[in-house]
Amino acid sequence: MSGEVRNFGEVPIPVDRKMLNIFFWVFAGSLTFYLVFFNDNPIPAGRLGETLLLLSTILLPTWLWVSNQTQGLPIMPFYALSFFPTYAVPLCRGDSRLVQYTELEIANVVFTITGYLLLTTLIAWQCTNRNLRPPPKVRAIKPAGARNLMLCLLLAGILFELYGALFGQSLGGAYQAFRGYAQNGSRLAVFVLFYQLGRGQLNKGTALFMCLMVAVLVIRQAASIVLANAFPVLGLAFAGFFLGSGKIPWKSLVAVVGMIILLHSGKAEMRAKYYQEGVKVELKDYPGFFAEWMGKGVVGLTKGTSTEGVEVQSAKERSALLPLFLQIQKMTPDQVPYLEGASYEYLPSMLIPRVLSKEKAVAHISNMIMAVHYGILKVEDVWFTSIGFDLPMEAYANYGLTGVAGLAVLMGLFLGIISLLTTGVPLFSFRFLMAILILSAIVGSNNTLGVFVTTAWQGFLALFSLSFVIMQRIPNPLFVNPSLKRDPKGHDFAGSFKREAGREEKAESEIRKAETELVKHERPRRFIYGEKKK
């Protein structure tokens with residue numbers, strides 16, 4: 001396929017894909033070599049092949065993107081990489097719970113996940129490995145005021161979180177509805193502002209103010225002792241900076257991962273203390289609360305036990321989903337029957353805002369159903385303890401391998417189409433901002449379909465309603481009048497554009513005017529749209 005045509009839809013990143021490709025191979029090779037050959041407990045020879053297969057499958061979508069085989073926002077690569085800590089690390093590093101299962105049982109789960117990722121990647125690749133002509137006009141925020149607007153959205157999200165900490169319970173369903181709007185608005189702001197930070201478009205004062213606000217938002221969301229609540233914000237910040245600069249902020253990444261490991265080690269003991277009835281953490285208690293949490297984490301990391309003498313799981317064991325999938329696949333259907341869609345029954349009610357329906361099911365109802373079904377939790381404990389089940393795990397529990405295959409088809413189509421729609425449109429367009437929210441939902445949830453659908457639906461409603469206030473139809477600065485007659489496959493691009501010649505002539509002056517304002521915000525410094533691929 002012609003490089004001239006393909007580059008019409010590139011995501012604007014200020015680094016050549018060739019350099020990303022070189023970096024990918026160095027990083028992937030080093031990581032695989034370390035995980036496979038530098039282990040305290042060497043990987044059994046019989047498990048080496050399936051281990052390498054799983055690692056290759058997880059990295060495949062990233063390679064397709066950096067090698068210019070797929071276009072658009074890299075949603076599928078980020079989704080596949082989320083399987084790295086949950087499946088690849090426990091398999092390579094030897095999770096202590098794997099000794100309960102035979103090599104055949106482990107291989108079955110690995111091949112299930114590998115097949116799921118391969119099928120999802122194949123379908124998403126078929127969607128994104130094609131051309132989508134940039135539209136002449138898009139519904140978008142004008143970049144001239146976008147920065148201040150994003151700062152206001154981030155600040156509004158923080159203020160709403162703080163207000164909710166004080167009075168949220170008294171707001172009932174209304175609070176939950178508005179909370180979704182505030183969360184999604186602040187997540188959009190985090191991605192866009194860190195993207196601009198990576199491109200060097202923020203001054204030091206604005207950058208410092210933004211980082212402080214993001215830190216406050218992360219602290220507030222982590223105060224629930226559910227660290228996963230803060231992962232979408234952190235993930236969007238790193239993704240935005242990377243796509244804006246083409247560089248990975250290693251120092252910041254190492255510091256954040258280290259803090260997460262520390263807090264993970266003390267999480268169980270903090271929940272045992274603060275989840276008791278009547279125990280509440282006020283805003284004024286946050287300094288002492290987090291100091292206590294970090295203290296318990298240090299004890300857990302250094303001694304392997306809590307301050308009460310209880311054995312503490314390591315961070316890698318806490319994040320691992322492989323042992324849980326092994327348990328589900330071993331028990332189903334011999335010991336417990338398939339759910340046959342029981343965990344999906346509440347999906348329609350989740351689409352109704354709680355302010356309109358008091359009977360709306362909680363987003364984690366599927367997690368509760370599965371935890372009770374497999375005997376992991378008792379019914380009375382599901383409101384105090386959450387068990388993380390991911391999408392393929394839930395699909396297998398409902399319909400076995402058929403369910404996993406069906407889920408792969410649906411996810412591949414959905415993620416592929418959303419990624420394709422981000423090609424040829426500016427960052428501040430409705431399409432691109434909606435894709436950012438989908439990226440946040442699919443990477444941040446790492447949970448059942450109910451959590452993913454609820455998060456994505458709330459994001460769509462928030463952006464759709466905001467679009468009537470903050471967006472307007474403007475000329476698309478990435479719209480290119482092609483000089484090509486035909487591409488190698490015989491598509492007549494010039495002919496299709498001629499049919500719109502009358503409208504283009506009228507819009508030409510608007511496009512030239514918009515380019516002076518928008519292109520400098522959207523086009524990368526060292527990468528030109530429409531540049532012929534060498």
# chains A, B, ... in the order shown; residues from 1 in each chain; ligands from 1
>>> select_by_dssp(residues="range 122-294 of chain A", states="strand (DSSP E)", output="list of chain:residue names")
A:Lys137, A:Val138, A:Arg139, A:Ala140
>>> residues_around(residues="Gln458 in chain A", least_positions_apart="6", cutoff="12 Å", atoms="only C-alpha atoms", output="short mmCIF file (atom, residue, chain, number, x, y, z; two decimals) with N, CA and C atoms, in the first residue's frame")
data_model
loop_
_atom_site.label_atom_id
_atom_site.label_comp_id
_atom_site.auth_asym_id
_atom_site.auth_seq_id
_atom_site.Cartn_x
_atom_site.Cartn_y
_atom_site.Cartn_z
N GLN A 176 -23.56 10.03 41.62
CA GLN A 176 -22.93 9.02 40.76
C GLN A 176 -22.95 9.45 39.30
N ALA A 177 -24.06 10.06 38.86
CA ALA A 177 -24.17 10.49 37.47
C ALA A 177 -23.16 11.59 37.16
N PHE A 178 -23.11 12.60 38.01
CA PHE A 178 -22.19 13.71 37.77
C PHE A 178 -20.74 13.29 37.98
N ARG A 179 -20.54 12.30 38.82
CA ARG A 179 -19.18 11.81 39.05
C ARG A 179 -18.60 11.23 37.77
N GLY A 180 -19.43 10.53 36.99
CA GLY A 180 -18.97 9.99 35.71
C GLY A 180 -18.55 11.09 34.76
N TYR A 181 -19.32 12.18 34.71
CA TYR A 181 -18.96 13.30 33.86
C TYR A 181 -17.63 13.91 34.29
N ALA A 182 -17.47 14.12 35.60
CA ALA A 182 -16.26 14.76 36.10
C ALA A 182 -15.03 13.88 35.86
N GLN A 183 -15.16 12.59 36.09
CA GLN A 183 -14.04 11.68 35.91
C GLN A 183 -13.58 11.65 34.46
N ASN A 184 -14.52 11.52 33.53
CA ASN A 184 -14.15 11.43 32.13
C ASN A 184 -13.59 12.75 31.61
N GLY A 185 -14.13 13.86 32.06
CA GLY A 185 -13.58 15.15 31.66
C GLY A 185 -12.15 15.33 32.14
N MET A 350 -27.13 -1.26 33.18
CA MET A 350 -25.97 -0.43 33.48
C MET A 350 -25.89 0.80 32.59
N LEU A 351 -26.62 0.77 31.45
CA LEU A 351 -26.59 1.90 30.53
C LEU A 351 -27.53 3.02 30.95
N ILE A 352 -28.37 2.77 31.95
CA ILE A 352 -29.31 3.78 32.43
C ILE A 352 -28.66 4.55 33.58
N PRO A 353 -28.58 5.87 33.50
CA PRO A 353 -28.00 6.64 34.61
C PRO A 353 -28.71 6.36 35.93
N ARG A 354 -27.93 6.27 36.99
CA ARG A 354 -28.49 5.94 38.30
C ARG A 354 -29.52 6.98 38.77
N ALA A 363 -21.64 -1.61 38.74
CA ALA A 363 -20.78 -2.02 37.63
C ALA A 363 -20.05 -3.33 37.92
N MET A 434 -12.95 10.76 21.96
CA MET A 434 -13.72 9.57 22.33
C MET A 434 -12.82 8.34 22.37
N LEU A 437 -10.99 8.12 25.63
CA LEU A 437 -11.81 7.58 26.70
C LEU A 437 -11.94 6.06 26.60
N ILE A 438 -12.05 5.55 25.37
CA ILE A 438 -12.09 4.09 25.18
C ILE A 438 -10.77 3.47 25.62
N SER A 440 -8.77 4.60 27.87
CA SER A 440 -8.76 4.62 29.33
C SER A 440 -9.61 3.50 29.90
N ALA A 441 -10.77 3.25 29.29
CA ALA A 441 -11.68 2.23 29.82
C ALA A 441 -11.12 0.82 29.63
N VAL A 451 -17.88 -3.54 33.82
CA VAL A 451 -17.05 -2.39 34.18
C VAL A 451 -16.62 -1.63 32.93
N PHE A 452 -16.19 -2.38 31.90
CA PHE A 452 -15.73 -1.73 30.67
C PHE A 452 -16.87 -0.98 29.98
N PHE A 464 -20.33 13.56 24.63
CA PHE A 464 -21.41 13.95 23.71
C PHE A 464 -22.13 15.20 24.20
N SER A 465 -22.42 15.25 25.49
CA SER A 465 -23.11 16.42 26.02
C SER A 465 -22.20 17.64 26.04
#
>>> closest_residue(among="A:Ala80, A:Leu322, A:Leu48, A:Val89", to="Leu35 in chain A", atoms="only C-alpha atoms")
A:Val89
>>> select_by_dssp(residues="range 94-326 of chain A", states="alpha helix (DSSP H)", output="JSON, numbers by chain")
{"A": [103, 104, 105, 106, 107, 108, 109, 110, 111, 112, 113, 114, 115, 116, 117, 118, 119, 120, 121, 122, 123, 124, 125, 126, 127, 128, 143, 144, 145, 146, 147, 148, 149, 150, 151, 152, 153, 154, 155, 156, 157, 158, 159, 160, 161, 162, 163, 164, 165, 166, 167, 168, 169, 170, 171, 172, 173, 174, 175, 176, 177, 178, 179, 180, 181, 182, 183, 184, 185, 186, 187, 188, 189, 190, 191, 192, 193, 194, 195, 196, 197, 198, 204, 205, 206, 207, 208, 209, 210, 211, 212, 213, 214, 215, 216, 217, 218, 219, 220, 221, 222, 231, 232, 233, 234, 235, 236, 237, 238, 239, 240, 241, 242, 243, 244, 245, 250, 251, 252, 253, 254, 255, 256, 257, 258, 259, 260, 261, 262, 263, 264, 265, 266, 267, 268, 269, 270, 271, 272, 273, 274, 286, 287, 288, 289, 290, 291, 292, 293, 294, 295, 296, 297, 298, 299, 300, 301, 302, 303, 315, 316, 317, 318, 319, 322, 323, 324, 325, 326]}
>>> residues_around(residues="range 206-209 of chain A", least_positions_apart="6", cutoff="12 Å", atoms="only C-alpha atoms", output="ChimeraX atom specification")
/A:147-148,150-152,154-155,190,193-200,215-216,241
>>> write_last_selection(atoms="C-alpha atoms", output="compact mmCIF listing (two decimals), in the first residue's frame")
# COMPACT_ATOMS: atom_id res chain seq x y z
CA ARG A 147 -5.48 24.38 26.73
CA ASN A 148 -7.37 26.58 29.16
CA MET A 150 -8.54 21.26 29.56
CA LEU A 151 -7.07 22.91 32.64
CA CYS A 152 -10.60 23.87 33.71
CA LEU A 154 -8.98 18.91 35.23
CA LEU A 155 -9.62 21.42 38.00
CA VAL A 190 -4.80 14.55 31.54
CA LEU A 193 -2.20 18.23 28.56
CA PHE A 194 0.53 15.59 28.85
CA TYR A 195 0.50 15.26 25.06
CA GLN A 196 1.14 19.00 24.85
CA LEU A 197 3.79 18.71 27.57
CA GLY A 198 5.59 16.09 25.48
CA ARG A 199 5.51 18.40 22.46
CA GLY A 200 6.96 21.28 24.48
CA ALA A 215 -0.99 14.31 41.77
CA VAL A 216 -3.96 15.52 43.84
CA PHE A 241 3.55 12.22 26.97
>>> atom_distance(atom1="CA of Ser265 in chain A", atom2="CA of Asn229 in chain A")
16.7 Å
>>> atom_distance(atom1="CA of Leu321 in chain A", atom2="CA of Pro61 in chain A")
20.8 Å
>>> residues_around(residues="range 95-104 of chain A", least_positions_apart="3", cutoff="9 Å", atoms="only C-alpha atoms", output="number ranges by chain")
A: 46-47, 89-92, 107-109, 316-317, 320, 322-323, 326-327, 330
>>> write_last_selection(atoms="N, CA and C atoms", output="compact mmCIF listing (two decimals), in the first residue's frame")
# COMPACT_ATOMS: atom_id res chain seq x y z
N GLY A 46 9.77 -27.78 29.11
CA GLY A 46 8.51 -28.02 28.44
C GLY A 46 7.61 -26.81 28.36
N ARG A 47 7.88 -25.78 29.19
CA ARG A 47 7.05 -24.58 29.21
C ARG A 47 7.68 -23.43 28.43
N VAL A 89 4.25 -12.18 33.27
CA VAL A 89 5.17 -12.13 34.41
C VAL A 89 4.99 -13.32 35.35
N PRO A 90 3.76 -13.64 35.78
CA PRO A 90 3.62 -14.81 36.67
C PRO A 90 4.04 -16.12 36.00
N LEU A 91 3.88 -16.21 34.69
CA LEU A 91 4.30 -17.43 33.99
C LEU A 91 5.82 -17.52 33.93
N CYS A 92 6.48 -16.39 33.67
CA CYS A 92 7.94 -16.39 33.53
C CYS A 92 8.65 -16.45 34.88
N ALA A 107 -0.63 -25.03 30.26
CA ALA A 107 -0.57 -24.85 28.80
C ALA A 107 -1.93 -24.51 28.23
N ASN A 108 -2.99 -25.12 28.74
CA ASN A 108 -4.34 -24.84 28.24
C ASN A 108 -4.73 -23.38 28.43
N VAL A 109 -4.41 -22.83 29.61
CA VAL A 109 -4.74 -21.42 29.86
C VAL A 109 -3.90 -20.51 28.99
N LYS A 316 3.91 -8.90 42.44
CA LYS A 316 3.64 -9.63 41.19
C LYS A 316 2.53 -10.65 41.39
N GLU A 317 2.42 -11.24 42.60
CA GLU A 317 1.35 -12.19 42.85
C GLU A 317 0.00 -11.49 42.98
N ALA A 320 -1.28 -10.79 39.45
CA ALA A 320 -1.40 -11.93 38.55
C ALA A 320 -2.84 -12.41 38.44
N LEU A 322 -3.25 -15.07 36.07
CA LEU A 322 -3.05 -16.42 35.55
C LEU A 322 -3.51 -17.50 36.53
N PRO A 323 -3.15 -17.46 37.83
CA PRO A 323 -3.63 -18.50 38.75
C PRO A 323 -5.15 -18.53 38.87
N LEU A 326 -6.51 -20.25 35.90
CA LEU A 326 -6.26 -21.69 36.04
C LEU A 326 -7.34 -22.34 36.90
N GLN A 327 -7.71 -21.68 37.98
CA GLN A 327 -8.76 -22.20 38.85
C GLN A 327 -10.10 -22.29 38.13
N LYS A 330 -10.05 -25.04 35.47
CA LYS A 330 -10.03 -26.38 36.06
C LYS A 330 -11.39 -26.77 36.63
>>> residues_around(residues="range 401-408 of chain A", least_positions_apart="6", cutoff="9 Å", atoms="only C-alpha atoms", output="short mmCIF file (atom, residue, chain, number, x, y, z; two decimals) with N, CA and C atoms, in the first residue's frame")
data_model
loop_
_atom_site.label_atom_id
_atom_site.label_comp_id
_atom_site.auth_asym_id
_atom_site.auth_seq_id
_atom_site.Cartn_x
_atom_site.Cartn_y
_atom_site.Cartn_z
N THR A 112 -5.23 -20.50 25.59
CA THR A 112 -6.50 -19.78 25.54
C THR A 112 -6.26 -18.28 25.42
N ILE A 113 -5.37 -17.74 26.25
CA ILE A 113 -5.06 -16.31 26.21
C ILE A 113 -4.35 -15.95 24.90
N GLY A 115 -4.58 -17.50 21.99
CA GLY A 115 -5.56 -17.52 20.90
C GLY A 115 -6.47 -16.30 20.93
N TYR A 116 -6.87 -15.89 22.13
CA TYR A 116 -7.73 -14.71 22.26
C TYR A 116 -7.03 -13.46 21.74
N LEU A 117 -5.78 -13.26 22.15
CA LEU A 117 -5.05 -12.08 21.71
C LEU A 117 -4.74 -12.12 20.22
N LEU A 118 -4.40 -13.29 19.70
CA LEU A 118 -4.11 -13.40 18.26
C LEU A 118 -5.34 -13.07 17.42
N LEU A 119 -6.49 -13.63 17.79
CA LEU A 119 -7.71 -13.38 17.02
C LEU A 119 -8.13 -11.92 17.14
N THR A 120 -8.05 -11.35 18.33
CA THR A 120 -8.39 -9.94 18.51
C THR A 120 -7.46 -9.05 17.70
N THR A 121 -6.15 -9.36 17.72
CA THR A 121 -5.17 -8.58 16.97
C THR A 121 -5.42 -8.67 15.48
N ILE A 123 -8.22 -9.26 13.81
CA ILE A 123 -9.41 -8.52 13.39
C ILE A 123 -9.17 -7.01 13.50
N LEU A 391 -11.78 -9.79 30.94
CA LEU A 391 -12.76 -10.08 29.91
C LEU A 391 -12.72 -11.53 29.41
N PRO A 392 -11.56 -12.07 29.01
CA PRO A 392 -11.56 -13.47 28.54
C PRO A 392 -11.91 -14.47 29.64
N MET A 393 -11.55 -14.15 30.88
CA MET A 393 -11.90 -15.02 32.00
C MET A 393 -13.41 -15.10 32.17
N GLU A 394 -14.07 -13.95 32.09
CA GLU A 394 -15.53 -13.91 32.21
C GLU A 394 -16.19 -14.63 31.05
N ALA A 395 -15.66 -14.46 29.84
CA ALA A 395 -16.23 -15.13 28.67
C ALA A 395 -16.12 -16.64 28.80
#
>>> closest_residue(among="A:Ile43, A:Ala146, A:Met76, A:Ala230", to="Leu59 in chain A", atoms="only C-alpha atoms")
A:Met76
>>> residues_around(residues="Ser82 in chain A", least_positions_apart="2", cutoff="9 Å", atoms="only C-alpha atoms", output="list in words")
Ile58, Pro77, Phe78, Tyr79, Ala80, Phe84, Pro85, Thr86, Val443, Gly444 and Asn446 of chain A
>>> atom_distance(atom1="CA of Trp293 in chain A", atom2="CA of Gly266 in chain A")
5.9 Å
>>> residues_around(residues="Phe479 in chain A", least_positions_apart="4", cutoff="7 Å", atoms="only C-alpha atoms", output="number ranges by chain")
A: 134-136, 424
>>> decode(residues="range 37-113 of chain A", atoms="C-alpha atoms", output="short mmCIF file (atom, residue, chain, number, x, y, z; two decimals), in the first residue's frame")
data_model
loop_
_atom_site.label_atom_id
_atom_site.label_comp_id
_atom_site.auth_asym_id
_atom_site.auth_seq_id
_atom_site.Cartn_x
_atom_site.Cartn_y
_atom_site.Cartn_z
CA PHE A 37 16.86 -16.67 31.35
CA PHE A 38 17.34 -14.60 34.51
CA ASN A 39 15.06 -16.41 36.94
CA ASP A 40 15.66 -17.75 40.42
CA ASN A 41 13.49 -20.68 39.34
CA PRO A 42 14.33 -21.47 35.68
CA ILE A 43 11.36 -21.99 33.37
CA PRO A 44 10.84 -25.74 32.75
CA ALA A 45 12.01 -26.81 29.30
CA GLY A 46 8.51 -28.02 28.44
CA ARG A 47 7.05 -24.58 29.21
CA LEU A 48 9.62 -22.52 27.28
CA GLY A 49 7.80 -22.69 23.95
CA GLU A 50 4.43 -21.56 25.30
CA THR A 51 6.14 -18.80 27.33
CA LEU A 52 7.82 -17.36 24.23
CA LEU A 53 4.54 -17.68 22.32
CA LEU A 54 2.64 -15.70 24.94
CA LEU A 55 5.29 -12.95 25.06
CA SER A 56 5.32 -12.70 21.26
CA THR A 57 1.53 -12.47 21.12
CA ILE A 58 1.42 -9.69 23.71
CA LEU A 59 4.08 -7.69 21.82
CA LEU A 60 2.64 -8.34 18.33
CA PRO A 61 0.13 -5.42 18.25
CA THR A 62 2.88 -3.01 19.35
CA TRP A 63 5.16 -4.23 16.55
CA LEU A 64 2.39 -3.81 13.99
CA TRP A 65 1.91 -0.22 15.11
CA VAL A 66 5.56 0.85 15.30
CA SER A 67 6.27 -0.79 11.91
CA ASN A 68 3.47 1.27 10.30
CA GLN A 69 1.24 -1.75 9.61
CA THR A 70 -1.66 -0.24 11.53
CA GLN A 71 -2.93 3.30 11.82
CA GLY A 72 -4.67 5.42 14.40
CA LEU A 73 -4.42 5.70 18.15
CA PRO A 74 -2.68 2.50 19.43
CA ILE A 75 -5.56 1.18 21.53
CA MET A 76 -4.99 -2.50 20.71
CA PRO A 77 -1.23 -2.34 21.57
CA PHE A 78 -1.96 -0.82 24.98
CA TYR A 79 -4.70 -3.38 25.62
CA ALA A 80 -2.42 -6.31 24.73
CA LEU A 81 0.37 -4.94 26.93
CA SER A 82 -2.03 -4.97 29.90
CA PHE A 83 -1.77 -8.80 29.76
CA PHE A 84 1.96 -8.57 30.46
CA PRO A 85 1.84 -8.16 34.28
CA THR A 86 -1.26 -10.34 34.66
CA TYR A 87 -0.20 -13.38 32.61
CA ALA A 88 3.34 -13.15 31.21
CA VAL A 89 5.17 -12.13 34.41
CA PRO A 90 3.62 -14.81 36.67
CA LEU A 91 4.30 -17.43 33.99
CA CYS A 92 7.94 -16.39 33.53
CA ARG A 93 8.83 -15.58 37.12
CA GLY A 94 7.15 -18.61 38.63
CA ASP A 95 4.12 -17.58 40.68
CA SER A 96 4.02 -19.71 43.84
CA ARG A 97 0.40 -20.74 43.15
CA LEU A 98 1.28 -22.46 39.86
CA VAL A 99 2.58 -25.55 41.68
CA GLN A 100 -1.07 -26.56 42.29
CA TYR A 101 -1.59 -27.19 38.58
CA THR A 102 -0.15 -29.59 36.04
CA GLU A 103 1.85 -28.45 33.03
CA LEU A 104 -1.06 -29.42 30.77
CA GLU A 105 -3.47 -27.21 32.72
CA ILE A 106 -1.04 -24.30 32.54
CA ALA A 107 -0.57 -24.85 28.80
CA ASN A 108 -4.34 -24.84 28.24
CA VAL A 109 -4.74 -21.42 29.86
CA VAL A 110 -1.72 -20.00 28.04
CA PHE A 111 -3.06 -21.20 24.68
CA THR A 112 -6.50 -19.78 25.54
CA ILE A 113 -5.06 -16.31 26.21
#
